[in-house]
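A.B. asks: Below is the structure I would like to discuss, written out as structure tokens.
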Amino acid sequence: MSISDIPPKVRYLLWARSAGRCEFDGCNRSLWRDGLTQVEMNFADVAHIIGDSSHGPRGDIVLSKEYCSDYSNIMLMCLDHHRMIDYITDTYSDEALREMKQNHEIRVELSTAVTPDKTSLVIIYRGRIGDVQPKINYRDAWQAMAPRYYPSTSLPIELGLWNSSFEDKEKEYWTFESTNLERQFAAKIAPFMNNSNERNHFSVFAFGPQPLLIKLGSLISDLIPTEIYQLHREPPSWEWQEGPADFKYIIREPNSKHPLVALNLSLSASIDRQRIRRTLGDQDYSEWQMTIGSPNNDFLKSREQLRIFRKEFRYLLDQIKLAHGQEATIHVFPAVPVSVAVEIGRVRQPKADLPYVIYDQINKTGGFIRALNIG
């Protein structure tokens with residue numbers, strides 16, 4: 001047993017660096033709680049490597065006095081192993097014990113040094129919708145991220161144009177906006193995706209025409225871990241909320257099979273089939289539908305609902321390809337929340353999935369127009 005008085009600061013350091021566990025090789029017993037009764041108290045012994053007395057275990061006429069209260073010469077141990085090393089000194093030499101101490105404390109350091117990287121690159125995309133230029137408040141975005149993630153840069157990466165004179169009813173608008181989005185993405189976002197030293201996580205806050213949101217999602221892809229946020233109406237916020245526990249998406253298959261496929265996404269509103277018929281004309285086509293029990297513009301509340309959408313939409317794309325073959329094209333008619341629109345683009349696998357032709361509802365023309373092609 002020890003006869004020296006070890007200073008409190010040395011004891012505290014020993015407890016911290018050993019993580020309050022026995023440093024005998026292979027033991028690792030927690031010394032603040034009894035494993036049987038779960039009683040919490042101090043069950044630790046402080047063991048000397050070189051005995052604190054020249055007559056003690058592994059004692060030395062000079063070193064015992066010099067190192068009796070030195071941190072490098074003490075170990076935290078359970079009572080059983082403290083007694084054992086002091087009785088079997090020929091086996092547990094000072095070299096053997098010093099190696100145990102070092103290995104244990106290195107293991108504790110490596111284990112506790114692992115911290116989750118909670119930084120995320122914030123991407124903000126704003127696209128003009130009709131005559132409206134949406135606004136996204138940076139503070140609201142960052143508040144929605146915390147405490148899961150924190151911005152990796154002091155300012156977000158912004159995409160989109162705010163002074164375009166084109167309107168969404170014009171064909172040139174879609175060509176101009178799509179090309180601009182591709183170029184801005186290549187200049188501002190792609191370097192982060194291709195740099196292995198950068199934090200590979202994105203947080204996306206987007207508001208704009210649905211075809212451009214789908215385009216944005218296709219550029220991001222699902223190769224980088226990404227959190228897509230949704231602007232809620234009630235209460236107005238980007239923060240994810242609680243959603244219904246038994247939420248389901250409904251997929252309806254067509255009765256006929258044609259190479260031309262229409263995909264009716266009636267989630268935030270119901271799309272009348274006659275509107276799709278008027279858009280596609282007299283061509284024969286097969287209409288698939290994905291909807292919910294009561295489509296409305298504020299149904300999407302939770303991350304779980306968005307996760308389920310990704311899973312179900314991935315299944316839907318596979319079913320369409322299986323039914324209509326590799327040469328089919330999917331004409332997408334979306335009435336969906338902004339986060340869903342981005343995920344429609346992210347879910348698509350460029351080398352495996354069918355191409356999209358995306359339409360947009362234009363109030364000034366009273367119907368759908370063909371906006372963008374993807375793939």
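Identifiers for the structure tokens are assigned positionally: chains receive A, B, ... in sequence, residues are indexed from 1 per chain, and ligands are indexed from 1 in the order shown.
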Run DSSP on the backbone of this structure and report the residues of range 61-274 of chain A it assigns to helix (DSSP H, G or I), as a ChimeraX atom specification.
C.D. replies: /A:63-67,71-73,79-87,94-113,138-145,171-188,190-194,210-220,273-274
A.B. asks: Leaving out Ile50 in chain A and any residue of its chain fewer than 5 positions from it, which residues lie within 8 Å of it when counting only C-alpha atoms, given as a list in words?
C.D. replies: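 So the residues in contact are Pro57, Arg58, Gly59, Asp60, Leu63, Ser64, Tyr67, Cys68, Asn73 and Asp94 of chain A.
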A.B. asks: Write out the residues from the selection above, keeping C-alpha atoms, as a CSV table (one decimal), in the first residue's frame.
C.D. replies:
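Saved file again07.csv follows:
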```csv
chain,number,residue,atom,x,y,z
A,57,PRO,CA,7.4,-3.6,-4.5
A,58,ARG,CA,9.9,-2.6,-7.2
A,59,GLY,CA,11.4,-0.1,-4.8
A,60,ASP,CA,14.7,1.7,-5.3
A,63,LEU,CA,14.1,6.5,-7.4
A,64,SER,CA,11.4,5.6,-4.9
A,67,TYR,CA,9.2,9.5,-8.2
A,68,CYS,CA,6.9,8.7,-5.3
A,73,ASN,CA,5.1,6.6,-11.9
A,94,ASP,CA,8.4,-1.6,-13.8
```
A.B. asks: What is the distance between CA of His55 in chain A and CA of Met84 in chain A, in Å to one decimal?
C.D. replies: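 These atoms are spaced 17.1 Å apart.
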A.B. asks: Need the shell around range 315-331 of chain A: protein/DNA/RNA residues with any atom at most 9 Å away, counting only C-alpha atoms. Skip same-chain ones fewer than 4 positions apart. Format as a PyMOL selection string?
C.D. replies: chain A and resi 251+253+257-264+288+290+310-311+348+352-359
A.B. asks: When you draw a straight line from CA of Asp90 in chain A to CA of His104 in chain A, how long is it in Å?
C.D. replies: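 Going from CA of Asp90 in chain A over to CA of His104 in chain A, I get 21.5 Å.
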A.B. asks: Quick one: of A:Glu23, A:Asp45, A:Glu170, A:Glu177, who's nearest to Ala96 in chain A, counting only C-alpha atoms?
C.D. replies: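 Among A:Glu23, A:Asp45, A:Glu170, A:Glu177, it is A:Glu23 that comes nearest to Ala96 in chain A.
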A.B. asks: What's the 12 Å shell around Ala187 in chain A, counting only C-alpha atoms, without same-chain residues fewer than 6 positions away, as a list of chain:residue names?
C.D. replies: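 Residues meeting the cut-off are A:Ile157, A:Glu158, A:Leu159, A:Asn180, A:Leu181, A:Met193, A:Asn194.
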A.B. asks: Generate the output file for the selected residues, C-alpha atoms, as a PDB file, in the first residue's frame.
C.D. replies:
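What follows is the written file selection_35.pdb:
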```pdb
ATOM      1  CA  ILE A 157     -22.641  29.678 -51.275  1.00  0.00           C
ATOM      2  CA  GLU A 158     -25.364  31.402 -53.292  1.00  0.00           C
ATOM      3  CA  LEU A 159     -26.656  30.237 -56.657  1.00  0.00           C
ATOM      4  CA  ASN A 180     -26.421  29.734 -65.505  1.00  0.00           C
ATOM      5  CA  LEU A 181     -27.147  27.200 -62.757  1.00  0.00           C
ATOM      6  CA  MET A 193     -17.038  17.987 -54.144  1.00  0.00           C
ATOM      7  CA  ASN A 194     -13.685  17.212 -55.762  1.00  0.00           C
TER       8      ASN A 194
END
```
A.B. asks: Write out as a list of chain:residue names which residues come within 9 Å of Met100 in chain A when counting only C-alpha atoms, dropping same-chain ones fewer than 5 positions away.
C.D. replies: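 Neighbouring residues, sequence-local ones excluded: A:Glu23, A:Phe24, A:Asp25, A:Glu95, A:Glu105.
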A.B. asks: Store the residues picked out above in a file with C-alpha atoms, as a PDB file, in the first residue's frame.
C.D. replies:
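Listing of out33.pdb after writing:
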```
ATOM      1  CA  GLU A  23      -5.042   0.364 -16.345  1.00  0.00           C
ATOM      2  CA  PHE A  24      -4.019  -3.275 -15.886  1.00  0.00           C
ATOM      3  CA  ASP A  25      -3.734  -4.781 -19.355  1.00  0.00           C
ATOM      4  CA  GLU A  95       8.943  -1.873 -17.552  1.00  0.00           C
ATOM      5  CA  GLU A 105      -3.782   6.033 -21.869  1.00  0.00           C
TER       6      GLU A 105
END
```
A.B. asks: Work out how far CA of Ala335 in chain A is from CA of Ala269 in chain A, in Å to one decimal.
C.D. replies: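 Separation of CA of Ala269 in chain A and CA of Ala335 in chain A: 5.7 Å.
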A.B. asks: Which neighbours of range 111-125 of chain A fall inside 8 Å, counting only C-alpha atoms, when residues of the same chain fewer than 6 positions from it are skipped, and could you give them as a list in words?
C.D. replies: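 Listing them by chain and then by number gives Ile136, Arg148, Tyr149, Tyr150, Pro151, Ser152, Thr153, Leu155, Pro156, Ile157, Glu158, Leu159, Gly160, Arg199, Asn200, His201, Phe202, Ser203, Val204, Phe205, Ala206, Phe207 and Gly208 of chain A.
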A.B. asks: Write the residues of the selection above to a file with C-alpha atoms, as a PDB file, in the first residue's frame.
C.D. replies:
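Just written: result_33.pdb:
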```pdb
ATOM      1  CA  ILE A 136     -33.989  33.304 -47.867  1.00  0.00           C
ATOM      2  CA  ARG A 148     -27.156  18.827 -35.977  1.00  0.00           C
ATOM      3  CA  TYR A 149     -24.872  20.912 -38.189  1.00  0.00           C
ATOM      4  CA  TYR A 150     -23.083  24.267 -38.212  1.00  0.00           C
ATOM      5  CA  PRO A 151     -21.957  26.311 -41.243  1.00  0.00           C
ATOM      6  CA  SER A 152     -18.447  25.496 -42.450  1.00  0.00           C
ATOM      7  CA  THR A 153     -18.025  29.001 -43.918  1.00  0.00           C
ATOM      8  CA  LEU A 155     -21.214  33.050 -45.630  1.00  0.00           C
ATOM      9  CA  PRO A 156     -23.278  30.573 -47.656  1.00  0.00           C
ATOM     10  CA  ILE A 157     -22.641  29.678 -51.275  1.00  0.00           C
ATOM     11  CA  GLU A 158     -25.364  31.402 -53.292  1.00  0.00           C
ATOM     12  CA  LEU A 159     -26.656  30.237 -56.657  1.00  0.00           C
ATOM     13  CA  GLY A 160     -29.164  31.840 -59.015  1.00  0.00           C
ATOM     14  CA  ARG A 199     -15.920  18.660 -45.371  1.00  0.00           C
ATOM     15  CA  ASN A 200     -18.185  16.536 -47.565  1.00  0.00           C
ATOM     16  CA  HIS A 201     -21.604  17.563 -46.340  1.00  0.00           C
ATOM     17  CA  PHE A 202     -24.083  20.027 -47.843  1.00  0.00           C
ATOM     18  CA  SER A 203     -27.086  21.814 -46.343  1.00  0.00           C
ATOM     19  CA  VAL A 204     -29.400  23.064 -49.087  1.00  0.00           C
ATOM     20  CA  PHE A 205     -31.985  25.826 -48.789  1.00  0.00           C
ATOM     21  CA  ALA A 206     -33.733  26.355 -52.102  1.00  0.00           C
ATOM     22  CA  PHE A 207     -36.758  28.170 -53.438  1.00  0.00           C
ATOM     23  CA  GLY A 208     -37.592  28.500 -57.117  1.00  0.00           C
TER      24      GLY A 208
END
```
A.B. asks: From the set A:Arg21, A:Glu227, A:Val46, A:Gly26, which residue has the shortest atom-to-atom contact distance to Ile6 in chain A, counting only C-alpha atoms?
C.D. replies: A:Val46
